[in-house]
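The structure appears below as structure tokens.
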Amino acid sequence: MQASPVKKIIDGAPTREEVQRNPLDATTVDRRLLDDVIGDAREWLKRRQKDDGHWVYVLEPDVTMPAEFILYEHFLGEIDEALEARMADYIRQTQAEEHGGWPLYYGGDFNISATVKAYWALKIVGDDIDAPHMARAREAILAHGGAARCNVLTRFYLALFGQVPWRAVPCMPVELMLLPQWFPFHISKISYWSRTTLVPMTVLMALRARGENPRGIDVQELFTVPPEQEKTYQVNPSGKMLGEFFLVLDRVLHKVEPLFPKRLRKKAIDAAMAFIGERLNGEDGVGAIFPPMVFTVLCFKMLGYPKDHPDVITAKKAILKLMDLSGDKAYMQPCASPIWDTALIAHAMIEAGEERDGEVMGKAFDWLASKQVLKTVGDYAAWKPQVRPGGWAFQYNNDYYPDVDDTAVVVMGLDRNGAPRFRQSIERAVEWVLGMQSKNGGWGAFDADNTYYYLNHIPFADHGALLDPPTADVTARCLGMLAQLGYPPSHPALVRALDYLKSEQEKDGSWFGRWGTNYIYGTWSVLHALNAVGEDPKQPYIQKSVAWLKSIQREDGGWGEDCGTYWQKEHGGLARASTASQTAWAVLGLLAAGEVQSEAVARGVKFLLAAPRQGGHWDEKWYTAVGFPRIFFLKYHGYSHYFPLWALARYRNLTSGNALTTPFGI
């Protein structure tokens, strides 16, 4: 018998089934369903906490990293066939039907560098080049100009196996290690990820390294002209006159490098290996990221280190620790993200009602506090020698490279915990963050004032991520942290940060997201900082960002943004689907701007309540994060677990009380 309207009103809001069938028809958010979903997600996360208190989720890259691992094993001549078979399964399953190649993210366009590496890896493990999937990939590569059109890193791998001459790679002499800091190029003037990757690369270039390649596999069929006859490997990455100058300089360096004195070369190689040796970082690896770890092991091999050398054994273990073997397939993670995951989950759990210093959160915050870097003076000190260490890394251990973004998020969590035992940790961290502020008022992720933009014109910089300049998202986190801790808006650091954020706003009202995709992420980040510092949300520039968020809400009530926005000048509407994580960011951003009672927020909440999920895991196949815009994208498997919980819990808290917004900086 059908329920009467009166019965429906008496019983409360629409049922879960009604909301899931047509969430936008529900006139109010189902409070019972809201409580149920928050409870499910909270318990889901509690069950996944490690014994020592931390959380960590898989960090999935594109297909290039499993392909590079296969190449790494064949360079060494140390092949794990069973493991490679699982990686090959992953590679095959990520091939795109629509263009025959491999993209940089789920649903993305053809990428020639990713496709060359994927094809090459599959050929090495034994796939027949005439098999349909290989033929389609090869045709796509040739249609896009052949393997000579790959990016620098792919051409470097090709050179390591003798597939292209070394002139196919920009000349980066190892003697760069001996240049003084005042010189236009110095390793301290590029980002940490570029620095740790480039240093071992220069050693391999100097040694003209050649992999064992025990199966004798080549990929000459991927070139439109023989590699030795190719004339135009190097390209001007910026299209500017300065880029043309650096192309000429590169040609000159290729000519004169063989004439460099052998004694000077040995001194430079020794300096490079000393740099690496200081940063080996145990089983967490050089830079705690995959590319420099791999190149470090290759350096050891080329320099004759025995296989049982302690550094070789440790460096290889560091690489294997990044392997994800949780399913029937396997792939390499670029790094681990335990600090980031744990800090963000801590905020979400407290928001969802978990006791701030109870058994669950007390363990989490104690684990975080134990990971603070207090002794090691990192690479940032090259330009900030007076700044004492006090930050947190992104990974388990990476003391030379603490992350400003992680540090700000951890500090805001420790402050929310409120336990006196964390006050000293907070004070040291704040001291470090304040010391890392750049001259323009913003913050970069790992270095201060890393704004040597002329270096973006060198041929090696074709990936567009050579530097680590200040960005809106990281700056917003730091501003939010300082405001949450009670620093007044008149404090010089806050004034400068606020001015920087205002100057970075896009014409449509959004902010760029350097570390999350993309303008939704950036706008969410900044709106929280503006709220925390006490900016009036009615100000036109804030209302413009609110209007932008509302304008891109999708018909289903959610938000989504494609990684392709990193190529698009007109980014408003480039979305293929609503995602749980990006919807959560949008809802959180609107809540920070005082939009608690807005229809847009209610629709976003209903979308999250109705979206498919298993317990606390919302289904999400799309990539919503970025390592390097246009080059390297990421899927944080945890984002669709904890961000929806956070948004729903904050909505519940604000609509259950009298506050229009949150007092917290994130």
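Residue numbering restarts at 1 in every chain; chains get A, B, ... in the order shown in the structure tokens, and ligands count up from 1 in that same order.
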From segment 229-464 of chain A, collect each residue whose DSSP state is strand (DSSP E) and return the set as a PyMOL selection string.
chain A and resi 323-324+331-332
Print the selection's residues with C-alpha atoms to a file, as a PDB file, in the first residue's frame.
```
ATOM      1  CA  MET A 323      55.215  -1.737  -5.590  1.00  0.00           C
ATOM      2  CA  ASP A 324      51.459  -2.114  -5.294  1.00  0.00           C
ATOM      3  CA  TYR A 331      52.308  -1.343 -10.734  1.00  0.00           C
ATOM      4  CA  MET A 332      54.829   1.031  -9.220  1.00  0.00           C
TER       5      MET A 332
END
```
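Counting only C-alpha atoms, the residue from A:Leu467, A:Ile345, A:Ala647, A:Leu176 that sits nearest to Asp449 of chain A is A:Leu467.
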Determine, counting only C-alpha atoms, which protein, DNA and RNA residues have an atom within 9 Å of an atom of Arg477 of chain A; residues of the same chain fewer than 3 positions away are not included. Present the result as a count of residues only.
17
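Compared by their closest atoms to Lys117 of chain A, and using only C-alpha atoms, the residues A:Glu78, A:Glu139, A:Glu68, A:Glu175 rank with A:Glu68 nearest.
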Residues near Ala352 of chain A, anyone? I mean within 9 Å using only C-alpha atoms, not counting same-chain ones fewer than 2 positions away, as an NGL selection string.
:A and (38-39 or 42 or 347-350 or 354 or 645-646 or 648-650 or 652-653)
Quick one: everything within 6 Å of segment 191-198 of chain A, counting only C-alpha atoms, minus sequence neighbours fewer than 3 positions away in the same chain. Send it as a count of residues only.
6
Can you tell me, as number ranges by chain, what residues are no more than 8 Å from Leu142 of chain A when counting only C-alpha atoms, ignoring any on the same chain fewer than 5 positions away?
A: 147, 222-224
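Nearest to Gly464 of chain A of all the residues A:Tyr651, A:Phe512, A:Tyr639, A:Tyr566 is A:Tyr566, counting only C-alpha atoms.
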Mind giving me the straight-line distance from atom CA of Asp536 of chain A to atom CA of Gly418 of chain A in Å, one decimal?
27.2 Å
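With only C-alpha atoms as the atoms that count, the minimum distance from Met361 of chain A to the choices A:Leu45, A:Ala209, A:Met65, A:Val29 is reached by A:Leu45.
Separating atom CA of Gly557 of chain A from atom CA of Val605 of chain A is a distance of 8.1 Å.
Distance annotation: of A:Gly435, A:Gly378, A:Pro389, A:Gly362, the residue with the minimal separation from Leu414 of chain A is A:Gly362; atom set is only C-alpha atoms.
The interatomic distance for the pair atom CA of Ala88 of chain A and atom CA of Thr64 of chain A works out to 11.5 Å.
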Give me the residues within 12 Å of Thr655 of chain A as a JSON list (two decimals) with N, CA, C and O atoms, in the first residue's frame, counting only C-alpha atoms and dropping any in the same chain fewer than 4 places off.
```json
[["chain", "number", "residue", "atom", "x", "y", "z"],
["A", 28, "THR", "N", 14.79, 18.21, 0.84],
["A", 28, "THR", "CA", 15.72, 18.42, 1.95],
["A", 28, "THR", "C", 16.69, 17.26, 1.99],
["A", 28, "THR", "O", 16.43, 16.18, 1.45],
["A", 29, "VAL", "N", 17.81, 17.50, 2.64],
["A", 29, "VAL", "CA", 18.79, 16.43, 2.81],
["A", 29, "VAL", "C", 18.27, 15.46, 3.86],
["A", 29, "VAL", "O", 17.81, 15.86, 4.92],
["A", 31, "ARG", "N", 18.48, 13.53, 6.81],
["A", 31, "ARG", "CA", 19.38, 13.57, 7.96],
["A", 31, "ARG", "C", 19.74, 12.17, 8.45],
["A", 31, "ARG", "O", 20.87, 11.94, 8.89],
["A", 34, "LEU", "N", 22.23, 10.90, 6.02],
["A", 34, "LEU", "CA", 23.47, 11.64, 6.26],
["A", 34, "LEU", "C", 24.23, 11.03, 7.43],
["A", 34, "LEU", "O", 25.44, 10.76, 7.34],
["A", 591, "LEU", "N", 31.02, 25.92, 1.68],
["A", 591, "LEU", "CA", 30.75, 26.04, 3.11],
["A", 591, "LEU", "C", 31.68, 27.05, 3.75],
["A", 591, "LEU", "O", 31.28, 27.81, 4.64],
["A", 594, "GLY", "N", 30.45, 30.55, 3.50],
["A", 594, "GLY", "CA", 29.18, 30.87, 4.16],
["A", 594, "GLY", "C", 27.94, 30.41, 3.43],
["A", 594, "GLY", "O", 26.83, 30.85, 3.76],
["A", 595, "GLU", "N", 28.09, 29.48, 2.48],
["A", 595, "GLU", "CA", 26.96, 29.04, 1.66],
["A", 595, "GLU", "C", 26.25, 27.82, 2.26],
["A", 595, "GLU", "O", 25.81, 26.94, 1.52],
["A", 596, "VAL", "N", 26.15, 27.78, 3.56],
["A", 596, "VAL", "CA", 25.60, 26.61, 4.23],
["A", 596, "VAL", "C", 24.19, 26.28, 3.75],
["A", 596, "VAL", "O", 23.84, 25.11, 3.55],
["A", 597, "GLN", "N", 23.36, 27.29, 3.57],
["A", 597, "GLN", "CA", 21.96, 27.08, 3.22],
["A", 597, "GLN", "C", 21.70, 27.15, 1.72],
["A", 597, "GLN", "O", 20.54, 27.14, 1.30],
["A", 598, "SER", "N", 22.76, 27.20, 0.92],
["A", 598, "SER", "CA", 22.55, 27.36, -0.52],
["A", 598, "SER", "C", 22.07, 26.06, -1.16],
["A", 598, "SER", "O", 22.37, 24.96, -0.69],
["A", 601, "VAL", "N", 24.97, 23.72, -2.33],
["A", 601, "VAL", "CA", 25.55, 22.85, -1.32],
["A", 601, "VAL", "C", 24.64, 21.65, -1.06],
["A", 601, "VAL", "O", 25.10, 20.50, -0.99],
["A", 602, "ALA", "N", 23.34, 21.89, -0.94],
["A", 602, "ALA", "CA", 22.40, 20.78, -0.69],
["A", 602, "ALA", "C", 22.45, 19.78, -1.84],
["A", 602, "ALA", "O", 22.44, 18.55, -1.61],
["A", 605, "VAL", "N", 25.63, 17.74, -1.51],
["A", 605, "VAL", "CA", 25.52, 16.77, -0.43],
["A", 605, "VAL", "C", 24.66, 15.58, -0.87],
["A", 605, "VAL", "O", 25.00, 14.42, -0.63],
["A", 648, "LEU", "N", 30.64, 15.83, 4.09],
["A", 648, "LEU", "CA", 29.34, 15.50, 4.69],
["A", 648, "LEU", "C", 29.32, 15.83, 6.18],
["A", 648, "LEU", "O", 28.32, 16.36, 6.69],
["A", 649, "ALA", "N", 30.41, 15.52, 6.87],
["A", 649, "ALA", "CA", 30.46, 15.80, 8.30],
["A", 649, "ALA", "C", 30.44, 17.30, 8.58],
["A", 649, "ALA", "O", 29.77, 17.76, 9.51],
["A", 650, "ARG", "N", 31.16, 18.05, 7.78],
["A", 650, "ARG", "CA", 31.16, 19.51, 8.01],
["A", 650, "ARG", "C", 29.77, 20.09, 7.72],
["A", 650, "ARG", "O", 29.30, 20.98, 8.43],
["A", 651, "TYR", "N", 29.15, 19.59, 6.68],
["A", 651, "TYR", "CA", 27.79, 20.05, 6.38],
["A", 651, "TYR", "C", 26.87, 19.75, 7.56],
["A", 651, "TYR", "O", 26.07, 20.60, 7.98],
["A", 659, "ALA", "N", 26.58, 28.33, 13.60],
["A", 659, "ALA", "CA", 27.68, 28.94, 12.85],
["A", 659, "ALA", "C", 27.41, 28.86, 11.35],
["A", 659, "ALA", "O", 26.84, 27.89, 10.85],
["A", 660, "LEU", "N", 27.83, 29.89, 10.66],
["A", 660, "LEU", "CA", 27.68, 29.93, 9.21],
["A", 660, "LEU", "C", 28.87, 29.30, 8.50],
["A", 660, "LEU", "O", 28.78, 28.94, 7.34],
["A", 661, "THR", "N", 29.98, 29.20, 9.21],
["A", 661, "THR", "CA", 31.16, 28.61, 8.60],
["A", 661, "THR", "C", 32.06, 28.05, 9.69],
["A", 661, "THR", "O", 31.75, 28.12, 10.87],
["A", 662, "THR", "N", 33.19, 27.50, 9.28],
["A", 662, "THR", "CA", 34.08, 26.80, 10.20],
["A", 662, "THR", "C", 35.19, 27.73, 10.70],
["A", 662, "THR", "O", 35.61, 28.65, 9.97]]
```
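Among the candidate residues A:Asn531, A:Arg210, A:Ile552, A:Tyr623, the one lying nearest to Gly516 of chain A is A:Tyr623, with distances computed using only C-alpha atoms.
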Which of segment 100-347 of chain A fall in alpha helix (DSSP H), as a ChimeraX atom specification
/A:112-125,132-143,152-160,192-206,241-256,262-278,290-302,310-320,338-347
